[in-house]
file query.cif (mmCIF, C-alpha atoms and all ligand atoms)
data_start
#
loop_
_atom_site.group_PDB
_atom_site.id
_atom_site.type_symbol
_atom_site.label_atom_id
_atom_site.label_comp_id
_atom_site.auth_asym_id
_atom_site.auth_seq_id
_atom_site.Cartn_x
_atom_site.Cartn_y
_atom_site.Cartn_z
ATOM 1 C CA MET A 1 0.000 0.000 0.000
ATOM 2 C CA THR A 2 1.365 3.398 -0.938
ATOM 3 C CA GLY A 3 -1.075 5.642 0.918
ATOM 4 C CA ILE A 4 -0.110 8.903 2.576
ATOM 5 C CA ARG A 5 1.910 8.283 5.731
ATOM 6 C CA SER A 6 3.793 11.413 6.594
ATOM 7 C CA ALA A 7 2.891 14.962 7.518
ATOM 8 C CA GLY A 8 5.346 16.045 4.827
ATOM 9 C CA GLN A 9 3.247 14.313 2.195
ATOM 10 C CA MET A 10 0.103 15.979 3.544
ATOM 11 C CA GLU A 11 1.808 19.363 3.279
ATOM 12 C CA ARG A 12 2.849 18.622 -0.281
ATOM 13 C CA PHE A 13 -0.755 17.860 -1.224
ATOM 14 C CA ARG A 14 -1.958 20.948 0.595
ATOM 15 C CA GLU A 15 0.419 23.023 -1.562
ATOM 16 C CA LEU A 16 -0.791 21.209 -4.666
ATOM 17 C CA LEU A 17 -4.441 21.905 -3.780
ATOM 18 C CA LEU A 18 -3.761 25.535 -2.926
ATOM 19 C CA ALA A 19 -2.018 25.987 -6.287
ATOM 20 C CA GLU A 20 -5.027 24.430 -8.049
ATOM 21 C CA ARG A 21 -7.313 26.667 -6.047
ATOM 22 C CA ARG A 22 -5.449 29.814 -7.131
ATOM 23 C CA GLU A 23 -5.566 28.672 -10.739
ATOM 24 C CA ALA A 24 -9.313 27.922 -10.529
ATOM 25 C CA GLU A 25 -9.980 31.290 -8.875
ATOM 26 C CA GLU A 26 -8.195 33.042 -11.728
ATOM 27 C CA ARG A 27 -10.360 31.198 -14.233
ATOM 28 C CA LEU A 28 -13.454 32.068 -12.201
ATOM 29 C CA LEU A 29 -12.448 35.725 -12.237
ATOM 30 C CA SER A 30 -11.801 35.867 -15.983
ATOM 31 C CA GLN A 31 -15.109 34.085 -16.670
ATOM 32 C CA SER A 32 -16.980 36.506 -14.410
ATOM 33 C CA GLU A 33 -15.425 39.425 -16.260
ATOM 34 C CA GLY A 34 -16.478 37.887 -19.563
ATOM 35 C CA ILE A 35 -20.037 37.472 -18.316
ATOM 36 C CA THR A 36 -20.151 41.083 -17.168
ATOM 37 C CA ALA A 37 -18.951 42.148 -20.621
ATOM 38 C CA VAL A 38 -21.677 40.074 -22.318
ATOM 39 C CA ARG A 39 -24.293 41.426 -19.905
ATOM 40 C CA GLU A 40 -23.226 45.005 -20.629
ATOM 41 C CA ALA A 41 -23.318 44.415 -24.364
ATOM 42 C CA ARG A 42 -26.834 42.984 -23.977
ATOM 43 C CA SER A 43 -28.188 45.841 -21.905
ATOM 44 C CA ASP A 44 -26.770 48.365 -24.345
ATOM 45 C CA GLY A 45 -29.793 50.449 -25.395
ATOM 46 C CA SER A 46 -28.590 50.756 -28.983
ATOM 47 C CA VAL A 47 -28.988 47.007 -29.550
ATOM 48 C CA ASP A 48 -32.461 45.808 -30.413
ATOM 49 C CA ASP A 49 -32.583 42.277 -29.010
ATOM 50 C CA GLU A 50 -35.641 41.228 -30.997
ATOM 51 C CA HIS A 51 -34.147 41.995 -34.395
ATOM 52 C CA ASP A 52 -30.448 41.856 -33.739
ATOM 53 C CA PRO A 53 -28.911 39.025 -35.794
ATOM 54 C CA ASP A 54 -26.173 38.765 -33.179
ATOM 55 C CA GLY A 55 -28.749 38.052 -30.463
ATOM 56 C CA PRO A 56 -28.664 34.227 -30.493
ATOM 57 C CA THR A 57 -24.873 34.236 -30.698
ATOM 58 C CA MET A 58 -24.798 36.415 -27.606
ATOM 59 C CA SER A 59 -27.078 33.979 -25.767
ATOM 60 C CA GLN A 60 -24.878 31.068 -26.799
ATOM 61 C CA GLU A 61 -21.821 32.830 -25.495
ATOM 62 C CA TRP A 62 -23.747 33.610 -22.305
ATOM 63 C CA SER A 63 -24.763 30.015 -21.606
ATOM 64 C CA GLN A 64 -21.334 28.697 -22.541
ATOM 65 C CA ARG A 65 -19.689 31.068 -20.110
ATOM 66 C CA THR A 66 -22.098 30.365 -17.276
ATOM 67 C CA ALA A 67 -21.546 26.620 -17.844
ATOM 68 C CA VAL A 68 -17.788 27.066 -17.506
ATOM 69 C CA LEU A 69 -18.351 29.214 -14.442
ATOM 70 C CA HIS A 70 -20.468 26.467 -12.918
ATOM 71 C CA ASP A 71 -17.717 23.896 -13.589
ATOM 72 C CA VAL A 72 -15.070 26.047 -11.944
ATOM 73 C CA GLU A 73 -17.318 26.633 -8.911
ATOM 74 C CA HIS A 74 -17.701 22.852 -8.626
ATOM 75 C CA GLU A 75 -13.953 22.442 -8.843
ATOM 76 C CA LEU A 76 -13.382 25.030 -6.118
ATOM 77 C CA ALA A 77 -15.871 23.247 -3.851
ATOM 78 C CA ASP A 78 -14.006 19.950 -4.442
ATOM 79 C CA ILE A 79 -10.685 21.594 -3.646
ATOM 80 C CA ASP A 80 -12.102 23.145 -0.460
ATOM 81 C CA ARG A 81 -13.452 19.772 0.636
ATOM 82 C CA ALA A 82 -10.040 18.188 0.005
ATOM 83 C CA LEU A 83 -8.326 20.937 2.042
ATOM 84 C CA ALA A 84 -10.838 20.374 4.856
ATOM 85 C CA ARG A 85 -9.976 16.654 4.774
ATOM 86 C CA ILE A 86 -6.281 17.506 5.126
ATOM 87 C CA ASP A 87 -7.141 19.592 8.218
ATOM 88 C CA ALA A 88 -9.275 16.774 9.585
ATOM 89 C CA GLY A 89 -6.547 14.210 8.867
ATOM 90 C CA THR A 90 -8.805 12.128 6.618
ATOM 91 C CA TYR A 91 -7.242 13.199 3.338
ATOM 92 C CA GLY A 92 -6.165 10.330 1.095
ATOM 93 C CA ILE A 93 -8.585 7.866 2.670
ATOM 94 C CA CYS A 94 -11.259 6.379 0.448
ATOM 95 C CA GLU A 95 -14.729 7.598 1.461
ATOM 96 C CA ARG A 96 -16.287 4.327 0.451
ATOM 97 C CA CYS A 97 -14.027 1.536 1.728
ATOM 98 C CA GLY A 98 -11.727 3.393 4.155
ATOM 99 C CA GLN A 99 -8.566 2.202 2.410
ATOM 100 C CA LYS A 100 -5.709 4.548 1.605
ATOM 101 C CA ILE A 101 -5.834 6.099 -1.835
ATOM 102 C CA SER A 102 -2.515 5.626 -3.637
ATOM 103 C CA VAL A 103 -0.232 8.641 -3.796
ATOM 104 C CA GLY A 104 0.038 8.238 -7.560
ATOM 105 C CA ARG A 105 -3.724 8.627 -7.901
ATOM 106 C CA LEU A 106 -3.792 11.657 -5.610
ATOM 107 C CA GLU A 107 -0.969 13.260 -7.566
ATOM 108 C CA ALA A 108 -2.971 12.865 -10.750
ATOM 109 C CA ARG A 109 -6.207 13.945 -9.069
ATOM 110 C CA PRO A 110 -5.643 15.691 -5.721
ATOM 111 C CA THR A 111 -9.393 16.052 -5.116
ATOM 112 C CA ALA A 112 -10.070 12.303 -5.425
ATOM 113 C CA THR A 113 -12.276 10.973 -2.612
ATOM 114 C CA LEU A 114 -12.343 7.336 -3.726
ATOM 115 C CA CYS A 115 -9.595 4.777 -4.212
ATOM 116 C CA ILE A 116 -9.096 3.504 -7.736
ATOM 117 C CA ASP A 117 -11.067 0.299 -7.067
ATOM 118 C CA CYS A 118 -14.112 2.112 -5.651
ATOM 119 C CA ALA A 119 -13.987 4.738 -8.412
ATOM 120 C CA ARG A 120 -14.231 1.905 -10.926
ATOM 121 C CA LEU A 121 -17.190 0.360 -9.082
ATOM 122 C CA VAL A 122 -19.077 3.647 -8.777
ATOM 123 C CA ARG A 123 -18.639 4.445 -12.437
HETATM 124 ZN ZN ZN B 201 -12.199 2.462 -1.842
#

call {"tool": "encode", "arguments": {"input": "query.cif", "output": "structure tokens", "more": "lines below"}}
Ligand SMILES: [Zn+2]
result
Amino acid sequence: MTGIRSAGQMERFRELLLAERREAEERLLSQSEGITAVREARSDGSVDDEHDPDGPTMSQEWSQRTAVLHDVEHELADIDRALARIDAGTYGICERCGQKISVGRLEARPTATLCIDCARLVR
């Protein structure tokens, strides 16, 4: 078994998660700015929504951006849960079977809550 054993490993994963969090927050910010820009373009009085040929394109861009935003918010919630597990000392333990999740799997997916075997079963 190659589960997490040392506090040093925990700290390494905390750093990894914090780095992912910063990166996700930046994406969240740039998406929010994009949405504000689309919203402003839409509320521009000079654009007639009913007859504007760009209207549907604008809506598409809107829904695409809000979908991405939703994904990033999900990701942030996952990262926060993983950080909370580090604080609680339960990080790296499978939520389903209680076995240690391999370090290799956590390195590939630091927010993983299931060991590779359980992840296969759930899917
Ligand atoms: Zn498991």

call {"tool": "residues_near_ligand", "arguments": {"input": "query.cif", "ligand": "ligand ZN 201 (chain B)", "cutoff": "6 Å", "atoms": "only C-alpha atoms and all ligand atoms", "output": "PyMOL selection string"}}
result
chain A and resi 94+96-97+99+114-115+117-118

call {"tool": "resolve_selection", "arguments": {"input": "query.cif", "expression": "the PyMOL selection byres (((chain A and resi 79) around 9) and not hetatm)", "output": "list in words"}}
result
Leu17, Leu18, Glu20, Arg21, His74, Glu75, Leu76, Ala77, Asp78, Asp80, Arg81, Ala82, Leu83, Ala84, Pro110 and Thr111 of chain A

call {"tool": "closest_residue", "arguments": {"input": "query.cif", "among": "A:Glu61, A:Arg105, A:Ile86, A:Ile35", "to": "Gly8 (chain A)", "atoms": "all atoms listed in the file"}}
result
A:Ile86

call {"tool": "atom_distance", "arguments": {"input": "query.cif", "atom1": "CA of Val122 (chain A)", "atom2": "CA of Gly104 (chain A)"}}
result
19.7 Å

call {"tool": "atom_distance", "arguments": {"input": "query.cif", "atom1": "CA of Glu11 (chain A)", "atom2": "CA of Glu73 (chain A)"}}
result
23.8 Å

call {"tool": "residues_around", "arguments": {"input": "query.cif", "residues": "Ile101 (chain A)", "least_positions_apart": "3", "cutoff": "9 Å", "atoms": "only C-alpha atoms", "output": "ChimeraX atom specification"}}
result
/A:1-4,91-94,98,104-106,112-116

call {"tool": "atom_distance", "arguments": {"input": "query.cif", "atom1": "CA of Arg85 (chain A)", "atom2": "CA of Ala108 (chain A)"}}
result
17.4 Å

call {"tool": "residues_near_point", "arguments": {"input": "query.cif", "point": "(-23.5, 32.5, -19.0)", "cutoff": "10 Å", "atoms": "all atoms listed in the file", "output": "PyMOL selection string"}}
result
chain A and resi 31-32+34-36+38-39+58-70

call {"tool": "closest_residue", "arguments": {"input": "query.cif", "among": "A:Val72, A:Arg120, A:Asp44, A:Ala88", "to": "Arg22 (chain A)", "atoms": "all atoms listed in the file"}}
result
A:Val72

call {"tool": "closest_residue", "arguments": {"input": "query.cif", "among": "A:Ala41, A:Leu16, A:Leu28, A:Met10", "to": "Asp71 (chain A)", "atoms": "all atoms listed in the file"}}
result
A:Leu28

call {"tool": "closest_residue", "arguments": {"input": "query.cif", "among": "A:Gly89, A:Leu29, A:Arg42, A:Glu95", "to": "Thr57 (chain A)", "atoms": "all atoms listed in the file"}}
result
A:Arg42

call {"tool": "closest_residue", "arguments": {"input": "query.cif", "among": "A:Thr90, A:Lys100, A:Glu107, A:Ala119", "to": "Glu15 (chain A)", "atoms": "all atoms listed in the file"}}
result
A:Glu107

call {"tool": "closest_residue", "arguments": {"input": "query.cif", "among": "A:Ser30, A:Val103, A:Leu121, A:Arg109", "to": "Ser6 (chain A)", "atoms": "only C-alpha atoms"}}
result
A:Val103

call {"tool": "build_atoms", "arguments": {"input": "query.cif", "residues": "region 3-36 of chain A", "atoms": "N, CA and C atoms", "output": "mmCIF file, in the frame of the given file"}}
result
data_model
loop_
_atom_site.group_PDB
_atom_site.id
_atom_site.type_symbol
_atom_site.label_atom_id
_atom_site.label_comp_id
_atom_site.auth_asym_id
_atom_site.auth_seq_id
_atom_site.Cartn_x
_atom_site.Cartn_y
_atom_site.Cartn_z
ATOM 1 N N GLY A 3 -0.262 4.513 0.478
ATOM 2 C CA GLY A 3 -1.075 5.642 0.918
ATOM 3 C C GLY A 3 -0.218 6.692 1.592
ATOM 4 N N ILE A 4 -0.848 7.821 1.918
ATOM 5 C CA ILE A 4 -0.110 8.903 2.576
ATOM 6 C C ILE A 4 0.220 8.492 4.005
ATOM 7 N N ARG A 5 1.479 8.659 4.389
ATOM 8 C CA ARG A 5 1.910 8.283 5.731
ATOM 9 C C ARG A 5 2.409 9.468 6.536
ATOM 10 N N SER A 6 3.094 10.368 5.840
ATOM 11 C CA SER A 6 3.793 11.413 6.594
ATOM 12 C C SER A 6 3.116 12.776 6.500
ATOM 13 N N ALA A 7 3.400 13.593 7.510
ATOM 14 C CA ALA A 7 2.891 14.962 7.518
ATOM 15 C C ALA A 7 3.471 15.732 6.338
ATOM 16 N N GLY A 8 4.703 15.388 5.964
ATOM 17 C CA GLY A 8 5.346 16.045 4.827
ATOM 18 C C GLY A 8 4.567 15.833 3.547
ATOM 19 N N GLN A 9 4.060 14.606 3.378
ATOM 20 C CA GLN A 9 3.247 14.313 2.195
ATOM 21 C C GLN A 9 1.948 15.112 2.217
ATOM 22 N N MET A 10 1.330 15.196 3.391
ATOM 23 C CA MET A 10 0.103 15.979 3.544
ATOM 24 C C MET A 10 0.335 17.427 3.123
ATOM 25 N N GLU A 11 1.482 17.963 3.601
ATOM 26 C CA GLU A 11 1.808 19.363 3.279
ATOM 27 C C GLU A 11 2.002 19.549 1.781
ATOM 28 N N ARG A 12 2.617 18.548 1.158
ATOM 29 C CA ARG A 12 2.849 18.622 -0.281
ATOM 30 C C ARG A 12 1.506 18.673 -1.019
ATOM 31 N N PHE A 13 0.551 17.865 -0.576
ATOM 32 C CA PHE A 13 -0.755 17.860 -1.224
ATOM 33 C C PHE A 13 -1.537 19.132 -0.919
ATOM 34 N N ARG A 14 -1.299 19.680 0.279
ATOM 35 C CA ARG A 14 -1.958 20.948 0.595
ATOM 36 C C ARG A 14 -1.480 22.041 -0.380
ATOM 37 N N GLU A 15 -0.151 22.061 -0.605
ATOM 38 C CA GLU A 15 0.419 23.023 -1.562
ATOM 39 C C GLU A 15 -0.171 22.830 -2.950
ATOM 40 N N LEU A 16 -0.262 21.565 -3.347
ATOM 41 C CA LEU A 16 -0.791 21.209 -4.666
ATOM 42 C C LEU A 16 -2.235 21.721 -4.805
ATOM 43 N N LEU A 17 -3.028 21.494 -3.771
ATOM 44 C CA LEU A 17 -4.441 21.905 -3.780
ATOM 45 C C LEU A 17 -4.576 23.425 -3.761
ATOM 46 N N LEU A 18 -3.709 24.072 -2.990
ATOM 47 C CA LEU A 18 -3.761 25.535 -2.926
ATOM 48 C C LEU A 18 -3.380 26.137 -4.276
ATOM 49 N N ALA A 19 -2.418 25.510 -4.960
ATOM 50 C CA ALA A 19 -2.018 25.987 -6.287
ATOM 51 C C ALA A 19 -3.187 25.813 -7.269
ATOM 52 N N GLU A 20 -3.870 24.671 -7.178
ATOM 53 C CA GLU A 20 -5.027 24.430 -8.049
ATOM 54 C C GLU A 20 -6.146 25.416 -7.748
ATOM 55 N N ARG A 21 -6.271 25.737 -6.466
ATOM 56 C CA ARG A 21 -7.313 26.667 -6.047
ATOM 57 C C ARG A 21 -7.075 28.060 -6.645
ATOM 58 N N ARG A 22 -5.801 28.507 -6.566
ATOM 59 C CA ARG A 22 -5.449 29.814 -7.131
ATOM 60 C C ARG A 22 -5.742 29.836 -8.627
ATOM 61 N N GLU A 23 -5.386 28.759 -9.296
ATOM 62 C CA GLU A 23 -5.566 28.672 -10.739
ATOM 63 C C GLU A 23 -7.064 28.698 -11.083
ATOM 64 N N ALA A 24 -7.867 27.960 -10.299
ATOM 65 C CA ALA A 24 -9.313 27.922 -10.529
ATOM 66 C C ALA A 24 -9.941 29.284 -10.244
ATOM 67 N N GLU A 25 -9.445 29.964 -9.214
ATOM 68 C CA GLU A 25 -9.980 31.290 -8.875
ATOM 69 C C GLU A 25 -9.703 32.290 -9.993
ATOM 70 N N GLU A 26 -8.525 32.158 -10.613
ATOM 71 C CA GLU A 26 -8.195 33.042 -11.728
ATOM 72 C C GLU A 26 -9.143 32.799 -12.889
ATOM 73 N N ARG A 27 -9.431 31.529 -13.148
ATOM 74 C CA ARG A 27 -10.360 31.198 -14.233
ATOM 75 C C ARG A 27 -11.756 31.728 -13.911
ATOM 76 N N LEU A 28 -12.148 31.588 -12.651
ATOM 77 C CA LEU A 28 -13.454 32.068 -12.201
ATOM 78 C C LEU A 28 -13.560 33.575 -12.441
ATOM 79 N N LEU A 29 -12.487 34.277 -12.100
ATOM 80 C CA LEU A 29 -12.448 35.725 -12.237
ATOM 81 C C LEU A 29 -12.562 36.133 -13.708
ATOM 82 N N SER A 30 -11.786 35.476 -14.573
ATOM 83 C CA SER A 30 -11.801 35.867 -15.983
ATOM 84 C C SER A 30 -13.153 35.533 -16.611
ATOM 85 N N GLN A 31 -13.777 34.426 -16.155
ATOM 86 C CA GLN A 31 -15.109 34.085 -16.670
ATOM 87 C C GLN A 31 -16.137 35.102 -16.199
ATOM 88 N N SER A 32 -16.046 35.524 -14.954
ATOM 89 C CA SER A 32 -16.980 36.506 -14.410
ATOM 90 C C SER A 32 -16.870 37.815 -15.184
ATOM 91 N N GLU A 33 -15.631 38.197 -15.493
ATOM 92 C CA GLU A 33 -15.425 39.425 -16.260
ATOM 93 C C GLU A 33 -16.046 39.290 -17.638
ATOM 94 N N GLY A 34 -15.891 38.135 -18.246
ATOM 95 C CA GLY A 34 -16.478 37.887 -19.563
ATOM 96 C C GLY A 34 -17.985 37.989 -19.510
ATOM 97 N N ILE A 35 -18.580 37.439 -18.461
ATOM 98 C CA ILE A 35 -20.037 37.472 -18.316
ATOM 99 C C ILE A 35 -20.528 38.908 -18.131
ATOM 100 N N THR A 36 -19.785 39.674 -17.352
ATOM 101 C CA THR A 36 -20.151 41.083 -17.168
ATOM 102 C C THR A 36 -20.113 41.812 -18.509
#
